[in-house]
file model.cif (mmCIF, C-alpha atoms and all ligand atoms)
data_upload
#
loop_
_atom_site.label_atom_id
_atom_site.label_comp_id
_atom_site.auth_asym_id
_atom_site.auth_seq_id
_atom_site.Cartn_x
_atom_site.Cartn_y
_atom_site.Cartn_z
CA MET A 1 -63.89 10.34 -6.25
CA LYS A 2 -60.20 11.30 -6.52
CA SER A 3 -58.19 9.01 -8.80
CA ILE A 4 -54.83 7.67 -7.64
CA PHE A 5 -53.18 10.02 -10.07
CA ASP A 6 -54.84 12.96 -8.31
CA LYS A 7 -53.88 11.68 -4.86
CA VAL A 8 -50.14 11.34 -5.47
CA SER A 9 -47.74 14.31 -5.35
CA ILE A 10 -44.13 14.17 -6.39
CA VAL A 11 -42.06 16.34 -4.04
CA LEU A 12 -38.57 17.45 -5.12
CA VAL A 13 -36.41 18.80 -2.32
CA SER A 14 -33.79 21.51 -3.02
CA THR A 15 -33.18 20.45 -6.59
CA THR A 16 -30.00 22.04 -7.93
CA HIS A 17 -30.37 21.56 -11.68
CA PRO A 18 -33.54 23.06 -13.20
CA GLY A 19 -33.24 20.59 -16.10
CA ASN A 20 -33.96 17.79 -13.63
CA ILE A 21 -37.18 19.51 -12.55
CA GLY A 22 -38.30 19.70 -16.18
CA ALA A 23 -37.33 16.08 -16.86
CA ALA A 24 -39.18 14.97 -13.70
CA ALA A 25 -42.32 16.81 -14.87
CA ARG A 26 -42.06 15.01 -18.21
CA ALA A 27 -41.59 11.64 -16.47
CA MET A 28 -44.67 12.34 -14.35
CA LYS A 29 -46.91 13.38 -17.22
CA THR A 30 -46.09 10.28 -19.31
CA MET A 31 -47.43 8.25 -16.38
CA SER A 32 -50.53 10.43 -15.82
CA LEU A 33 -49.30 12.27 -12.71
CA LYS A 34 -49.59 16.03 -12.47
CA ASN A 35 -49.09 17.18 -8.86
CA LEU A 36 -45.57 18.50 -8.52
CA ARG A 37 -44.35 20.18 -5.34
CA LEU A 38 -40.99 21.92 -5.12
CA VAL A 39 -39.21 22.62 -1.86
CA ASN A 40 -36.63 25.40 -2.18
CA PRO A 41 -35.46 24.77 -5.74
CA LEU A 42 -32.14 26.48 -6.42
CA ASN A 43 -33.19 27.91 -9.78
CA PHE A 44 -36.87 27.92 -10.74
CA PRO A 45 -38.70 28.95 -12.90
CA SER A 46 -36.08 28.47 -15.54
CA ALA A 47 -35.88 28.18 -19.31
CA GLU A 48 -33.91 24.95 -18.96
CA ALA A 49 -36.68 23.36 -16.89
CA SER A 50 -39.24 24.27 -19.54
CA VAL A 51 -37.07 22.88 -22.35
CA ARG A 52 -36.52 19.57 -20.54
CA ALA A 53 -40.23 19.32 -19.67
CA ALA A 54 -41.01 19.18 -23.42
CA GLY A 55 -44.82 18.93 -23.59
CA ALA A 56 -45.20 18.72 -19.81
CA ASP A 57 -44.87 22.45 -19.14
CA ASP A 58 -48.44 22.44 -17.76
CA VAL A 59 -47.11 20.30 -14.86
CA LEU A 60 -44.44 22.95 -14.24
CA ALA A 61 -46.90 25.81 -14.54
CA GLU A 62 -49.18 24.26 -11.91
CA CYS A 63 -46.47 23.17 -9.47
CA LYS A 64 -46.59 24.43 -5.88
CA GLN A 65 -43.55 25.81 -4.07
CA PHE A 66 -42.71 25.48 -0.36
CA SER A 67 -39.92 26.70 1.87
CA ASN A 68 -39.46 23.42 3.73
CA LEU A 69 -40.45 19.76 3.48
CA GLU A 70 -42.66 19.84 6.56
CA GLU A 71 -44.89 22.45 4.91
CA ALA A 72 -44.93 20.56 1.61
CA ILE A 73 -46.28 17.32 3.10
CA LYS A 74 -48.48 18.53 5.93
CA ASP A 75 -51.76 17.50 4.22
CA CYS A 76 -50.44 13.99 3.34
CA ASP A 77 -51.43 10.77 5.12
CA LEU A 78 -48.68 8.68 3.51
CA VAL A 79 -45.19 10.05 2.93
CA ILE A 80 -42.62 7.93 1.13
CA GLY A 81 -39.02 9.16 1.04
CA THR A 82 -36.66 7.88 -1.62
CA SER A 83 -32.99 7.15 -1.23
CA ALA A 84 -30.20 5.52 -3.17
CA ARG A 85 -28.52 4.47 0.07
CA ILE A 86 -29.64 2.40 3.00
CA ARG A 87 -29.02 4.69 5.96
CA GLY A 88 -27.40 4.06 9.32
CA ILE A 89 -30.59 3.72 11.34
CA PRO A 90 -32.81 1.09 9.72
CA TRP A 91 -36.01 2.64 8.41
CA PRO A 92 -39.04 0.72 7.09
CA MET A 93 -38.06 0.03 3.48
CA ILE A 94 -40.25 -0.52 0.45
CA HIS A 95 -39.44 -1.12 -3.22
CA PRO A 96 -41.18 0.50 -6.20
CA ARG A 97 -43.61 -2.35 -6.94
CA GLU A 98 -44.70 -2.69 -3.32
CA CYS A 99 -45.04 1.08 -3.16
CA ALA A 100 -47.33 1.07 -6.21
CA LYS A 101 -49.50 -1.64 -4.65
CA LYS A 102 -49.70 0.23 -1.36
CA ILE A 103 -50.70 3.44 -3.09
CA SER A 104 -53.40 1.70 -5.12
CA LYS A 105 -55.22 0.77 -1.88
CA LYS A 106 -58.04 3.12 -1.02
CA ALA A 107 -56.76 3.74 2.52
CA TYR A 108 -54.88 6.94 1.68
CA SER A 109 -56.24 10.26 0.50
CA SER A 110 -53.05 12.25 -0.15
CA ILE A 111 -49.69 10.65 -0.82
CA ALA A 112 -46.29 12.28 -1.19
CA ILE A 113 -43.25 10.67 -2.76
CA VAL A 114 -40.21 12.71 -1.79
CA PHE A 115 -36.96 13.00 -3.76
CA GLY A 116 -33.68 14.43 -2.51
CA ARG A 117 -30.97 16.73 -3.80
CA GLU A 118 -28.69 15.57 -6.60
CA SER A 119 -25.54 15.87 -4.50
CA SER A 120 -26.57 14.48 -1.13
CA GLY A 121 -30.13 13.14 -1.27
CA LEU A 122 -32.50 13.71 1.65
CA SER A 123 -31.15 14.64 5.09
CA ASN A 124 -31.85 12.37 8.06
CA GLU A 125 -34.22 15.02 9.45
CA GLU A 126 -36.15 14.99 6.18
CA LEU A 127 -36.29 11.18 6.14
CA GLN A 128 -37.71 11.29 9.65
CA LEU A 129 -40.77 13.02 8.20
CA CYS A 130 -41.40 9.95 6.03
CA ASN A 131 -43.42 6.85 6.92
CA MET A 132 -41.05 4.69 4.93
CA VAL A 133 -38.14 4.81 2.54
CA LEU A 134 -38.16 3.52 -1.01
CA LYS A 135 -34.98 2.29 -2.63
CA ILE A 136 -34.95 1.37 -6.32
CA PRO A 137 -32.97 -1.88 -6.61
CA THR A 138 -29.68 -1.24 -8.42
CA ASN A 139 -26.17 -2.48 -8.99
CA SER A 140 -24.77 -2.59 -5.44
CA GLU A 141 -21.59 -0.86 -6.59
CA TYR A 142 -23.35 2.02 -8.35
CA ASN A 143 -26.72 2.86 -6.91
CA SER A 144 -27.46 6.50 -7.60
CA LEU A 145 -29.90 7.19 -10.43
CA ASN A 146 -30.45 10.56 -12.02
CA LEU A 147 -33.28 12.28 -10.14
CA ALA A 148 -35.74 12.28 -13.09
CA ALA A 149 -34.91 8.64 -13.91
CA ALA A 150 -35.83 7.72 -10.32
CA VAL A 151 -39.10 9.65 -10.66
CA GLN A 152 -39.81 7.82 -13.94
CA ILE A 153 -39.33 4.33 -12.50
CA ILE A 154 -41.52 4.93 -9.47
CA CYS A 155 -44.31 6.57 -11.51
CA TYR A 156 -44.13 3.78 -14.10
CA GLU A 157 -44.67 1.08 -11.48
CA MET A 158 -47.62 3.04 -10.19
CA TYR A 159 -49.04 3.39 -13.68
CA LEU A 160 -48.81 -0.36 -14.29
CA VAL A 161 -50.68 -1.23 -11.13
CA VAL A 162 -53.29 1.47 -11.35
CA SER A 163 -54.22 1.23 -14.99
CA ASP A 164 -54.01 -2.57 -15.14
CA ILE A 165 -52.35 -2.20 -18.49
CA ASN A 166 -52.71 -5.86 -19.52
CA THR A 167 -56.47 -5.75 -19.38
CA ILE A 168 -56.58 -2.50 -21.29
CA GLU A 169 -54.37 -3.73 -24.13
CA TYR A 170 -56.26 -6.99 -24.54
CA GLU A 171 -59.70 -5.42 -24.30
CA LYS A 172 -58.76 -2.76 -26.82
CA ASN A 173 -57.82 -5.40 -29.38
CA ASN A 174 -60.73 -7.60 -28.43
CA LEU A 175 -58.32 -10.42 -27.62
CA VAL A 176 -59.83 -12.96 -25.28
CA PHE A 177 -57.91 -16.03 -24.20
CA ILE A 178 -59.70 -19.35 -24.58
CA SER A 179 -60.90 -21.27 -21.52
CA GLN A 180 -59.34 -24.55 -20.51
CA GLU A 181 -62.73 -26.21 -20.87
CA LYS A 182 -62.88 -25.30 -24.57
CA MET A 183 -59.30 -26.48 -25.02
CA GLU A 184 -60.31 -29.88 -23.61
CA GLN A 185 -63.14 -30.03 -26.13
CA PHE A 186 -60.64 -29.10 -28.84
CA TYR A 187 -58.17 -31.88 -27.86
CA LYS A 188 -60.98 -34.43 -27.83
CA ASN A 189 -62.14 -33.45 -31.31
CA LEU A 190 -58.59 -33.27 -32.64
CA GLU A 191 -57.82 -36.76 -31.32
CA ASP A 192 -61.03 -38.00 -32.90
CA CYS A 193 -59.91 -36.50 -36.25
CA PHE A 194 -56.46 -38.05 -35.99
CA ILE A 195 -58.07 -41.43 -35.48
CA ARG A 196 -60.59 -41.01 -38.34
CA ILE A 197 -57.90 -40.18 -40.88
CA GLY A 198 -55.56 -42.92 -39.66
CA PHE A 199 -52.92 -40.54 -38.35
CA TYR A 200 -53.08 -41.82 -34.82
CA ASP A 201 -53.12 -45.42 -33.68
CA THR A 202 -54.64 -45.65 -30.20
CA ASN A 203 -52.85 -48.97 -29.71
CA LYS A 204 -49.49 -47.26 -30.26
CA PRO A 205 -50.22 -43.78 -28.94
CA LYS A 206 -46.59 -42.73 -28.28
CA LYS A 207 -46.83 -39.24 -26.86
CA LEU A 208 -48.70 -37.53 -29.65
CA MET A 209 -51.53 -35.98 -27.63
CA HIS A 210 -49.13 -35.05 -24.85
CA ARG A 211 -46.99 -33.14 -27.36
CA ILE A 212 -50.02 -31.58 -29.00
CA ARG A 213 -51.10 -30.27 -25.60
CA ARG A 214 -47.66 -28.85 -24.95
CA LEU A 215 -47.74 -27.08 -28.31
CA PHE A 216 -51.11 -25.44 -27.73
CA ASN A 217 -50.44 -24.63 -24.08
CA ARG A 218 -47.35 -22.77 -25.20
CA ALA A 219 -49.27 -20.92 -27.87
CA GLN A 220 -52.14 -19.86 -25.55
CA LEU A 221 -54.93 -19.52 -28.08
CA TYR A 222 -57.18 -16.52 -28.38
CA GLU A 223 -60.87 -17.28 -28.78
CA SER A 224 -60.80 -16.13 -32.42
CA GLU A 225 -57.93 -18.56 -33.19
CA TRP A 226 -59.68 -21.40 -31.39
CA LYS A 227 -62.78 -20.80 -33.53
CA ILE A 228 -60.76 -21.25 -36.73
CA LEU A 229 -59.29 -24.55 -35.55
CA HIS A 230 -62.64 -25.68 -34.17
CA GLY A 231 -64.29 -24.96 -37.55
CA PHE A 232 -61.52 -26.77 -39.42
CA ILE A 233 -61.77 -29.86 -37.22
CA SER A 234 -65.58 -29.91 -37.38
CA LYS A 235 -65.29 -29.89 -41.18
CA ILE A 236 -62.90 -32.87 -41.11
CA GLN A 237 -65.28 -34.71 -38.78
CA GLU A 238 -68.19 -33.98 -41.10
CA LYS A 239 -66.31 -35.21 -44.21
CA THR A 240 -65.12 -38.37 -42.45
CA LYS A 241 -68.44 -39.31 -40.88
CA ASN A 242 -68.18 -42.88 -42.01
CA ASN A 243 -64.49 -43.40 -41.24
CA HIS A 244 -64.85 -44.71 -37.68
CA ASN A 245 -62.37 -47.52 -36.99
N1 LIG B 1 -25.85 10.94 -3.55
C1 LIG B 1 -27.25 10.94 -3.28
C2 LIG B 1 -27.98 10.54 -4.52
C3 LIG B 1 -28.89 11.56 -4.90
S1 LIG B 1 -29.66 11.22 -6.40
C4 LIG B 1 -27.58 9.97 -2.17
O1 LIG B 1 -26.69 9.33 -1.72
O2 LIG B 1 -28.73 9.87 -1.73
C5 LIG B 1 -31.06 12.29 -6.21
C6 LIG B 1 -32.31 11.63 -5.74
O3 LIG B 1 -32.75 10.68 -6.70
C7 LIG B 1 -32.23 10.87 -4.44
O4 LIG B 1 -32.29 11.70 -3.32
C8 LIG B 1 -33.46 10.00 -4.54
O5 LIG B 1 -34.60 10.78 -4.28
C9 LIG B 1 -33.45 9.63 -6.02
N2 LIG B 1 -32.72 8.37 -6.27
C10 LIG B 1 -31.57 8.19 -6.94
N3 LIG B 1 -31.23 6.89 -6.95
C11 LIG B 1 -32.17 6.23 -6.26
C12 LIG B 1 -32.41 4.87 -5.91
N4 LIG B 1 -31.57 3.89 -6.26
N5 LIG B 1 -33.51 4.57 -5.19
C13 LIG B 1 -34.38 5.51 -4.81
N6 LIG B 1 -34.23 6.82 -5.11
C14 LIG B 1 -33.15 7.17 -5.82
#
call {"tool": "encode", "arguments": {"input": "model.cif", "output": "structure tokens"}}
result
Amino acid sequence: MKSIFDKVSIVLVSTTHPGNIGAAARAMKTMSLKNLRLVNPLNFPSAEASVRAAGADDVLAECKQFSNLEEAIKDCDLVIGTSARIRGIPWPMIHPRECAKKISKKAYSSIAIVFGRESSGLSNEELQLCNMVLKIPTNSEYNSLNLAAAVQIICYEMYLVVSDINTIEYEKNNLVFISQEKMEQFYKNLEDCFIRIGFYDTNKPKKLMHRIRRLFNRAQLYESEWKILHGFISKIQEKTKNNHN
């Protein structure tokens, strides 16, 4: 089955500066994308594109070239145009995070994300070939990102959704958060210890256990940390067996 990264193509329309093509290829590769389509680039192939691509020259080498946008997207079942400006005629709008979620659904088999020229963006005719328009939220008084920076942000959001980065990081380090049920058991045993050693007077409870809960809720224990505390408390309970008030 095709992965999301295989399904998505980045389409650059009439890019003027070859350095931006190279930088876009680099942005794509850092986020696991490799399908680059170029529509009428002004100057490509170019040494400057290769320099700016750094280690992503394989993305450049495998890119496909087209003479117009219609040709470049004809096999796609979802086409998302990008624009720094909201245009005259309202078009269905989407922002990068929503776009990433939409793409991660299995409904689509070939998706194009289309980027415009540095000077004037996409024409209205080109936007009319798109199902929707994505605008990266920006300062309302200065909204135009560098082309490759726009590619980077959109690919990054996609990468976060698709690779579920949180799970990966935690699994890799074997870090498992403790369940609330085990925390309840911990609070019960801790309270019992406090009482046994005379630290806590149940007749004058103040807010000790409330504060203790706040402390540990804030800390969010990993299972391995919980085990240390659990062992420590069990030891106190064992040594104070006869201390019941
Ligand atoms: N002056 C142009 C800006 C072009 S910047 C305009 O008004 O559209 C080159 C390309 O980078 C844009 O066509 C778009 O594809 C992308 N881009 C730049 N800023 C963006 C933003 N805020 N949101 C979405 N795409 C953006």
call {"tool": "closest_residue", "arguments": {"input": "model.cif", "among": "A:Ser234, A:Asn139, A:Thr82, A:Gln185", "to": "ligand LIG 1 (chain B)", "atoms": "only C-alpha atoms and all ligand atoms"}}
result
A:Thr82
call {"tool": "residues_near_point", "arguments": {"input": "model.cif", "point": "(-32.7, 3.4, -9.1)", "cutoff": "10 Å", "atoms": "all atoms listed in the file", "output": "ChimeraX atom specification"}}
result
/A:82-84,96,134-139,142-147,149-154
call {"tool": "closest_residue", "arguments": {"input": "model.cif", "among": "A:Ile10, A:Leu60, A:Ala49, A:Cys76", "to": "ligand LIG 1 (chain B)", "atoms": "only C-alpha atoms and all ligand atoms"}}
result
A:Ile10
call {"tool": "residues_around", "arguments": {"input": "model.cif", "residues": "A:Tyr222", "least_positions_apart": "3", "cutoff": "7 Å", "atoms": "all atoms listed in the file", "output": "JSON list (two decimals) with C-alpha atoms, keeping the file's coordinate frame"}}
result
[["chain", "number", "residue", "atom", "x", "y", "z"],
["A", 175, "LEU", "CA", -58.32, -10.42, -27.62],
["A", 176, "VAL", "CA", -59.83, -12.96, -25.28],
["A", 177, "PHE", "CA", -57.91, -16.03, -24.20],
["A", 178, "ILE", "CA", -59.70, -19.35, -24.58],
["A", 225, "GLU", "CA", -57.93, -18.56, -33.19],
["A", 226, "TRP", "CA", -59.68, -21.40, -31.39]]
call {"tool": "residues_near_point", "arguments": {"input": "model.cif", "point": "(-41.2, 7.2, 2.1)", "cutoff": "10 Å", "atoms": "only C-alpha atoms", "output": "VMD selection string"}}
result
chain A and resid 78 to 83 91 to 94 99 111 to 115 127 to 135
call {"tool": "residues_around", "arguments": {"input": "model.cif", "residues": "A:Lys34", "least_positions_apart": "2", "cutoff": "10 Å", "atoms": "only C-alpha atoms", "output": "PDB file with C-alpha atoms, keeping the file's coordinate frame"}}
result
ATOM      1  CA  PHE A   5     -53.180  10.020 -10.070  1.00  0.00           C
ATOM      2  CA  ASP A   6     -54.840  12.960  -8.310  1.00  0.00           C
ATOM      3  CA  LYS A   7     -53.880  11.680  -4.860  1.00  0.00           C
ATOM      4  CA  VAL A   8     -50.140  11.340  -5.470  1.00  0.00           C
ATOM      5  CA  SER A   9     -47.740  14.310  -5.350  1.00  0.00           C
ATOM      6  CA  ILE A  10     -44.130  14.170  -6.390  1.00  0.00           C
ATOM      7  CA  ALA A  25     -42.320  16.810 -14.870  1.00  0.00           C
ATOM      8  CA  ARG A  26     -42.060  15.010 -18.210  1.00  0.00           C
ATOM      9  CA  ALA A  27     -41.590  11.640 -16.470  1.00  0.00           C
ATOM     10  CA  MET A  28     -44.670  12.340 -14.350  1.00  0.00           C
ATOM     11  CA  LYS A  29     -46.910  13.380 -17.220  1.00  0.00           C
ATOM     12  CA  THR A  30     -46.090  10.280 -19.310  1.00  0.00           C
ATOM     13  CA  MET A  31     -47.430   8.250 -16.380  1.00  0.00           C
ATOM     14  CA  SER A  32     -50.530  10.430 -15.820  1.00  0.00           C
ATOM     15  CA  LEU A  36     -45.570  18.500  -8.520  1.00  0.00           C
ATOM     16  CA  ARG A  37     -44.350  20.180  -5.340  1.00  0.00           C
ATOM     17  CA  ALA A  56     -45.200  18.720 -19.810  1.00  0.00           C
ATOM     18  CA  ASP A  58     -48.440  22.440 -17.760  1.00  0.00           C
ATOM     19  CA  VAL A  59     -47.110  20.300 -14.860  1.00  0.00           C
ATOM     20  CA  LEU A  60     -44.440  22.950 -14.240  1.00  0.00           C
ATOM     21  CA  GLU A  62     -49.180  24.260 -11.910  1.00  0.00           C
ATOM     22  CA  CYS A  63     -46.470  23.170  -9.470  1.00  0.00           C
TER      23      CYS A  63
END
call {"tool": "atom_distance", "arguments": {"input": "model.cif", "atom1": "atom CA of A:Tyr187", "atom2": "atom CA of A:Leu208"}}
result
11.2 Å
call {"tool": "atom_distance", "arguments": {"input": "model.cif", "atom1": "atom N5 of ligand LIG 1 (chain B)", "atom2": "atom CA of A:Arg117"}}
result
12.5 Å
call {"tool": "closest_residue", "arguments": {"input": "model.cif", "among": "A:Cys155, A:Ile103, A:Ala148, A:Met183", "to": "A:Arg214", "atoms": "all atoms listed in the file"}}
result
A:Met183
call {"tool": "closest_residue", "arguments": {"input": "model.cif", "among": "A:Gly121, A:Pro18, A:Pro90, A:Gly55", "to": "ligand LIG 1 (chain B)", "atoms": "only C-alpha atoms and all ligand atoms"}}
result
A:Gly121
call {"tool": "build_atoms", "arguments": {"input": "model.cif", "residues": "stretch 66-81 of chain A", "atoms": "N, CA and C atoms", "output": "compact mmCIF listing (two decimals), in the frame of the given file"}}
result
# COMPACT_ATOMS: atom_id res chain seq x y z
N PHE A 66 -42.71 25.44 -1.84
CA PHE A 66 -42.71 25.48 -0.36
C PHE A 66 -41.30 25.82 0.12
N SER A 67 -41.25 26.33 1.37
CA SER A 67 -39.92 26.70 1.87
C SER A 67 -39.28 25.57 2.68
N ASN A 68 -40.08 24.60 3.10
CA ASN A 68 -39.46 23.42 3.73
C ASN A 68 -40.33 22.19 3.52
N LEU A 69 -39.74 21.02 3.77
CA LEU A 69 -40.45 19.76 3.48
C LEU A 69 -41.68 19.59 4.37
N GLU A 70 -41.55 20.00 5.63
CA GLU A 70 -42.66 19.84 6.56
C GLU A 70 -43.94 20.50 6.01
N GLU A 71 -43.76 21.71 5.50
CA GLU A 71 -44.89 22.45 4.91
C GLU A 71 -45.45 21.69 3.70
N ALA A 72 -44.53 21.17 2.88
CA ALA A 72 -44.93 20.56 1.61
C ALA A 72 -45.76 19.29 1.80
N ILE A 73 -45.60 18.62 2.94
CA ILE A 73 -46.28 17.32 3.10
C ILE A 73 -47.33 17.34 4.21
N LYS A 74 -47.65 18.52 4.73
CA LYS A 74 -48.48 18.53 5.93
C LYS A 74 -49.90 18.00 5.70
N ASP A 75 -50.41 18.03 4.48
CA ASP A 75 -51.76 17.50 4.22
C ASP A 75 -51.73 16.01 3.84
N CYS A 76 -50.56 15.37 3.86
CA CYS A 76 -50.44 13.99 3.34
C CYS A 76 -50.60 12.95 4.45
N ASP A 77 -51.30 11.84 4.13
CA ASP A 77 -51.43 10.77 5.12
C ASP A 77 -50.51 9.58 4.83
N LEU A 78 -49.74 9.67 3.76
CA LEU A 78 -48.68 8.68 3.51
C LEU A 78 -47.53 9.43 2.84
N VAL A 79 -46.36 9.35 3.47
CA VAL A 79 -45.19 10.05 2.93
C VAL A 79 -44.08 9.03 2.71
N ILE A 80 -43.65 8.91 1.46
CA ILE A 80 -42.62 7.93 1.13
C ILE A 80 -41.37 8.69 0.68
N GLY A 81 -40.29 8.55 1.44
CA GLY A 81 -39.02 9.16 1.04
C GLY A 81 -38.31 8.22 0.09
